[in-house]
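Have a look at my_file_39.txt; it's compact mmCIF, C-alpha atoms:
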# COMPACT_ATOMS: atom_id res chain seq x y z
CA MET P 167 0.00 0.00 0.00
CA ASP P 168 1.52 3.35 -0.99
CA SER P 169 1.74 6.21 1.53
CA GLU P 170 -1.07 8.22 -0.13
CA THR P 171 -3.49 5.29 0.13
CA LEU P 172 -2.45 4.64 3.73
CA LYS P 173 -2.90 8.33 4.63
CA SER P 174 -6.32 8.37 2.96
CA ASN P 175 -7.31 5.16 4.76
CA ILE P 176 -6.32 6.49 8.19
CA LEU P 177 -8.09 9.78 7.53
CA SER P 178 -11.29 8.08 6.38
CA LYS P 179 -11.61 6.03 9.59
CA ASP P 180 -11.33 9.09 11.86
CA ALA P 181 -13.02 11.61 9.59
CA SER P 182 -16.51 13.00 10.06
CA ASP P 183 -19.17 12.09 7.53
CA GLU P 184 -18.96 15.57 6.04
CA VAL P 185 -15.18 15.27 5.52
CA LEU P 186 -15.72 11.90 3.87
CA VAL P 187 -18.33 13.44 1.58
CA GLU P 188 -15.84 16.10 0.50
CA MET P 189 -13.29 13.34 -0.16
CA VAL P 190 -15.87 11.42 -2.22
CA LYS P 191 -16.58 14.59 -4.22
CA SER P 192 -12.85 14.64 -4.98
CA GLY P 193 -13.02 11.05 -6.24
CA SER P 194 -11.96 9.04 -3.17
CA GLU P 195 -13.27 5.48 -3.33
CA ILE P 196 -11.83 4.82 0.12
CA ALA P 197 -13.97 7.60 1.61
CA PHE P 198 -17.07 6.26 -0.15
CA ASN P 199 -16.36 2.73 1.12
CA GLU P 200 -16.07 4.13 4.65
CA LEU P 201 -19.50 5.79 4.30
CA VAL P 202 -20.93 2.47 3.08
CA LYS P 203 -19.41 0.68 6.09
CA ARG P 204 -20.86 3.26 8.48
CA TYR P 205 -24.39 3.23 7.05
CA MET P 206 -25.10 -0.10 5.32
CA LYS P 207 -26.29 -2.05 8.36
CA LYS P 208 -28.71 0.67 9.52
CA ALA P 209 -29.85 1.32 5.93
CA HIS P 210 -30.68 -2.37 5.50
CA SER P 211 -32.55 -2.43 8.80
CA ILE P 212 -34.65 0.64 7.95
CA ALA P 213 -35.41 -0.66 4.46
CA TYR P 214 -36.43 -4.00 5.95
CA GLN P 215 -38.89 -2.28 8.29
CA PHE P 216 -40.55 -0.69 5.27
CA VAL P 217 -40.61 -3.62 2.88
CA GLY P 218 -40.56 -6.69 5.15
CA ASN P 219 -38.25 -8.70 2.90
CA SER P 220 -34.52 -9.06 3.53
CA GLN P 221 -33.44 -9.40 -0.11
CA ASP P 222 -35.50 -6.42 -1.21
CA ALA P 223 -34.10 -4.42 1.72
CA LYS P 224 -30.56 -5.34 0.67
CA ASP P 225 -31.27 -4.31 -2.92
CA LEU P 226 -32.86 -1.03 -1.83
CA SER P 227 -29.93 -0.22 0.45
CA GLN P 228 -27.44 -0.86 -2.33
CA ASP P 229 -29.53 1.21 -4.76
CA VAL P 230 -29.45 4.13 -2.33
CA PHE P 231 -25.67 3.99 -2.07
CA ILE P 232 -25.48 4.12 -5.86
CA LYS P 233 -27.84 7.13 -5.83
CA ILE P 234 -25.74 8.79 -3.13
CA TYR P 235 -22.55 8.25 -5.12
CA GLN P 236 -24.14 9.63 -8.29
CA SER P 237 -25.65 12.67 -6.57
CA ILE P 238 -22.94 13.44 -4.01
CA SER P 239 -22.27 16.76 -5.72
CA SER P 240 -25.75 17.93 -4.67
CA PHE P 241 -24.94 17.46 -0.97
CA LYS P 242 -24.86 20.95 0.54
CA GLU P 243 -22.10 21.94 2.92
CA GLY P 244 -23.38 22.74 6.40
CA TYR P 245 -25.97 19.94 6.43
CA LYS P 246 -25.65 16.62 8.21
CA PHE P 247 -24.90 13.71 5.91
CA PHE P 248 -26.97 11.23 7.94
CA SER P 249 -30.19 13.23 7.59
CA TRP P 250 -29.66 13.66 3.83
CA PHE P 251 -28.85 9.95 3.45
CA TYR P 252 -31.81 8.66 5.48
CA ARG P 253 -34.23 11.02 3.71
CA ILE P 254 -33.13 9.58 0.35
CA LEU P 255 -33.42 6.03 1.75
CA LEU P 256 -36.94 6.61 3.09
CA ASN P 257 -38.12 8.11 -0.19
CA HIS P 258 -36.61 5.21 -2.12
CA CYS P 259 -38.39 2.67 0.13
CA ILE P 260 -41.69 4.52 -0.19
CA ASN P 261 -41.42 4.57 -3.98
CA PHE P 262 -40.61 0.87 -3.98
CA LYS P 263 -43.68 0.11 -1.84
CA LYS P 264 -45.85 2.07 -4.25
CA ARG P 265 -44.67 -0.16 -7.11
CA LYS P 266 -44.83 -3.52 -5.37
CA TYR P 267 -46.69 -5.10 -2.45
CA ILE P 268 -44.32 -7.18 -0.32
CA LEU P 269 -44.61 -10.76 1.00
CA ASP P 270 -45.19 -11.61 4.63
CA ASP P 271 -42.45 -12.77 7.01
CA ILE P 272 -43.73 -16.33 7.52
CA ASP P 273 -43.47 -17.25 3.83
CA GLU P 274 -39.89 -15.99 3.80
CA LEU P 275 -38.93 -18.01 6.88
CA LYS P 276 -40.46 -21.31 5.70
CA GLY P 277 -37.35 -22.03 3.66
CA HIS P 278 -35.10 -21.74 6.71
CA ASN P 279 -34.31 -24.53 9.14
CA ILE P 280 -36.22 -22.75 11.92
CA LEU P 281 -39.45 -24.46 10.93
CA LYS P 282 -37.81 -27.88 10.56
CA SER P 283 -36.87 -28.25 14.22
CA SER P 284 -37.95 -31.43 15.98
CA ASP P 285 -38.24 -29.55 19.25
CA GLU P 286 -41.99 -28.72 19.36
CA THR P 287 -41.64 -26.13 22.12
CA PHE P 288 -38.95 -24.30 20.15
CA LEU P 289 -41.10 -24.54 17.03
CA ASP P 290 -44.18 -23.16 18.85
CA ASP P 291 -42.12 -20.28 20.25
CA GLU P 292 -40.73 -19.48 16.81
CA ILE P 293 -44.19 -19.57 15.22
CA ASN P 294 -45.57 -17.32 17.97
CA LEU P 295 -42.67 -14.92 17.49
CA MET P 296 -43.22 -14.89 13.73
CA GLU P 297 -46.93 -14.27 14.21
CA LEU P 298 -46.19 -11.41 16.60
CA LYS P 299 -43.68 -9.88 14.17
CA GLU P 300 -46.15 -10.22 11.31
CA THR P 301 -48.98 -8.72 13.36
CA VAL P 302 -46.87 -5.75 14.48
CA HIS P 303 -45.47 -5.27 10.97
CA ASN P 304 -48.99 -5.30 9.52
CA ALA P 305 -50.20 -2.83 12.16
CA ILE P 306 -47.29 -0.48 11.42
CA SER P 307 -47.97 -0.74 7.68
CA LYS P 308 -51.55 0.48 8.30
CA LEU P 309 -50.30 3.73 9.85
CA PRO P 310 -50.36 6.87 7.73
CA LEU P 311 -46.97 7.26 6.06
CA ARG P 312 -45.95 10.24 8.21
CA GLN P 313 -46.58 8.30 11.41
CA ARG P 314 -45.02 5.11 10.03
CA LYS P 315 -41.73 6.90 9.31
CA VAL P 316 -41.53 8.23 12.86
CA VAL P 317 -42.38 4.87 14.46
CA ILE P 318 -39.81 3.00 12.37
CA LEU P 319 -37.06 5.53 12.98
CA CYS P 320 -37.73 6.17 16.71
CA GLU P 321 -39.14 2.94 18.07
CA ILE P 322 -37.60 0.29 15.85
CA GLU P 323 -34.31 1.82 14.75
CA GLY P 324 -33.67 3.75 17.97
CA PHE P 325 -32.96 7.19 16.52
CA SER P 326 -33.44 10.08 18.94
CA GLN P 327 -36.37 12.41 18.33
CA ASN P 328 -33.82 15.12 17.54
CA ASP P 329 -32.19 12.97 14.84
CA VAL P 330 -35.59 12.03 13.38
CA SER P 331 -36.54 15.69 13.19
CA LYS P 332 -33.39 16.32 11.14
CA ILE P 333 -33.90 13.28 8.91
CA LEU P 334 -37.53 14.16 8.16
CA ASN P 335 -36.94 17.91 8.21
CA ILE P 336 -39.68 18.52 10.79
CA SER P 337 -39.68 19.91 14.34
CA GLU P 338 -39.13 17.71 17.39
CA GLY P 339 -42.63 18.66 18.52
CA THR P 340 -44.03 17.26 15.29
CA VAL P 341 -42.03 14.06 15.82
CA ARG P 342 -43.48 13.71 19.35
CA SER P 343 -47.00 14.42 18.10
CA ARG P 344 -46.80 11.90 15.26
CA LEU P 345 -45.34 9.31 17.61
CA PHE P 346 -48.13 9.90 20.14
CA TYR P 347 -50.90 9.48 17.56
CA ALA P 348 -49.14 6.52 15.95
CA LYS P 349 -48.99 4.72 19.30
CA LYS P 350 -52.69 5.38 19.86
CA ARG P 351 -53.50 3.88 16.46
CA LEU P 352 -51.20 0.90 17.05
CA LYS P 353 -52.95 0.12 20.35
CA LYS P 354 -56.26 0.17 18.48
CA TYR P 355 -54.93 -2.04 15.65
CA LEU P 356 -53.36 -4.49 18.10
CA LYS P 357 -56.12 -4.61 20.74
CA ASP P 358 -57.46 -8.00 19.57
CA TYR P 359 -53.98 -9.49 19.58
CA LEU P 360 -53.15 -8.01 22.99
CA LYS P 361 -56.21 -9.70 24.55
Before we go any further, please render this structure as structure tokens.
Amino acid sequence: MDSETLKSNILSKDASDEVLVEMVKSGSEIAFNELVKRYMKKAHSIAYQFVGNSQDAKDLSQDVFIKIYQSISSFKEGYKFFSWFYRILLNHCINFKKRKYILDDIDELKGHNILKSSDETFLDDEINLMELKETVHNAISKLPLRQRKVVILCEIEGFSQNDVSKILNISEGTVRSRLFYAKKRLKKYLKDYLK
């Protein structure tokens, strides 16, 4: 490894997202790869919450990184990269959902060894867990899109309300309000299951 590559590699690991973006704008593949490393896992998780299918979530995440790379010149200095990135990811997932209705979790898991266990208790627990996940996923998918985004980002992905306000470009008060009303709706949607 030459000294320039080594220097770039060390810088990319310690650099802020915004510094990495500037490096990517200058053509640094190393900086782009570092951004991918930092955001791929969370991007996949968020996409999965929207589409409910791991392979589609992986494809959507990769598509967004391609979009980011192609449109990196439009990133404005002074903004946070993570909010710009997650906004693009959410919009991409929403557009995907508009084009295609996604399968349920149980059909996806049937091909895995989980359902082939000879341990009936383990199998019952797994089926109950899958049913719960499917029920919650279906309830979340019934929420209005504005509330769904906030629930997925705050409650499932663990973003702070402050971060969600930046990602969605809304006030923290609006985040709290949408979360409050979303939880009320979810209780209503899940009341039969909770009995």
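Using all atoms listed in the file, the nearest neighbour of Arg342 of chain P within the list P:Tyr205, P:Leu356, P:Ile318, P:Gln327 is P:Gln327.
Our summary of the geometry notes that atom CA of Ser249 of chain P is positioned 13.3 Å from atom CA of Lys315 of chain P.
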With distances taken over all atoms listed in the file, which residue among P:Ser343, P:Ser192, P:Gln215, P:Ser237 lies nearest His303 of chain P?
P:Gln215
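You will find atom CA of Arg312 of chain P at 21.1 Å from atom CA of Lys299 of chain P.
Each of P:Leu256, P:Phe262, P:Lys354, P:Ala348 was compared to Leu334 of chain P using only C-alpha atoms, and P:Leu256 turns out to be the nearest.
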Min atom-atom distance to Asn335 of chain P from the set P:Tyr355, P:Tyr347, P:Tyr252, P:Phe198, counting all atoms listed in the file, belongs to P:Tyr252
Find the residues around Val316 of chain P up to 8 Å (only C-alpha atoms counted), leave out those fewer than 6 positions away in its own chain, and share them as a PyMOL selection string.
chain P and resi 330+341+344-345
Radius query 10 Å about (-48.1, -1.5, 12.9), atoms used: all atoms listed in the file, as an MDAnalysis selection string:
chainID P and resid 299:309 314 317:318 348:349 351:353 355:356
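With only C-alpha atoms as the atoms that count, the residue of P:Asp358, P:Glu323, P:Glu188, P:Glu338 with the shortest distance to His210 of chain P is P:Glu323.
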Would you compute an axis-aligned box for segment 224-241 of chain P, covering every atom listed for it in the file with 8 Å of margin on each side, and report centre and edge lengths in Å to one decimal as lines of an AutoDock Vina configuration file?
center_x = -27.6
center_y = 6.3
center_z = -3.8
size_x = 26.6
size_y = 39.3
size_z = 25.0
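One finds atom CA of Ser227 of chain P at 19.4 Å from atom CA of Leu311 of chain P.
Comparing P:Ser220, P:Asp180, P:Phe231, P:Tyr245 by their smallest distance to Asn199 of chain P, the closest is P:Phe231 (using only C-alpha atoms).
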Please return as a list in words every residue within 10 Å of (-18.0, 12.1, 4.7), taking into account all atoms listed in the file and the file's own coordinates.
Ser178, Ala181, Ser182, Asp183, Glu184, Val185, Leu186, Val187, Glu188, Met189, Val190, Lys191, Ala197, Phe198, Glu200, Leu201, Lys246, Phe247 and Phe248 of chain P
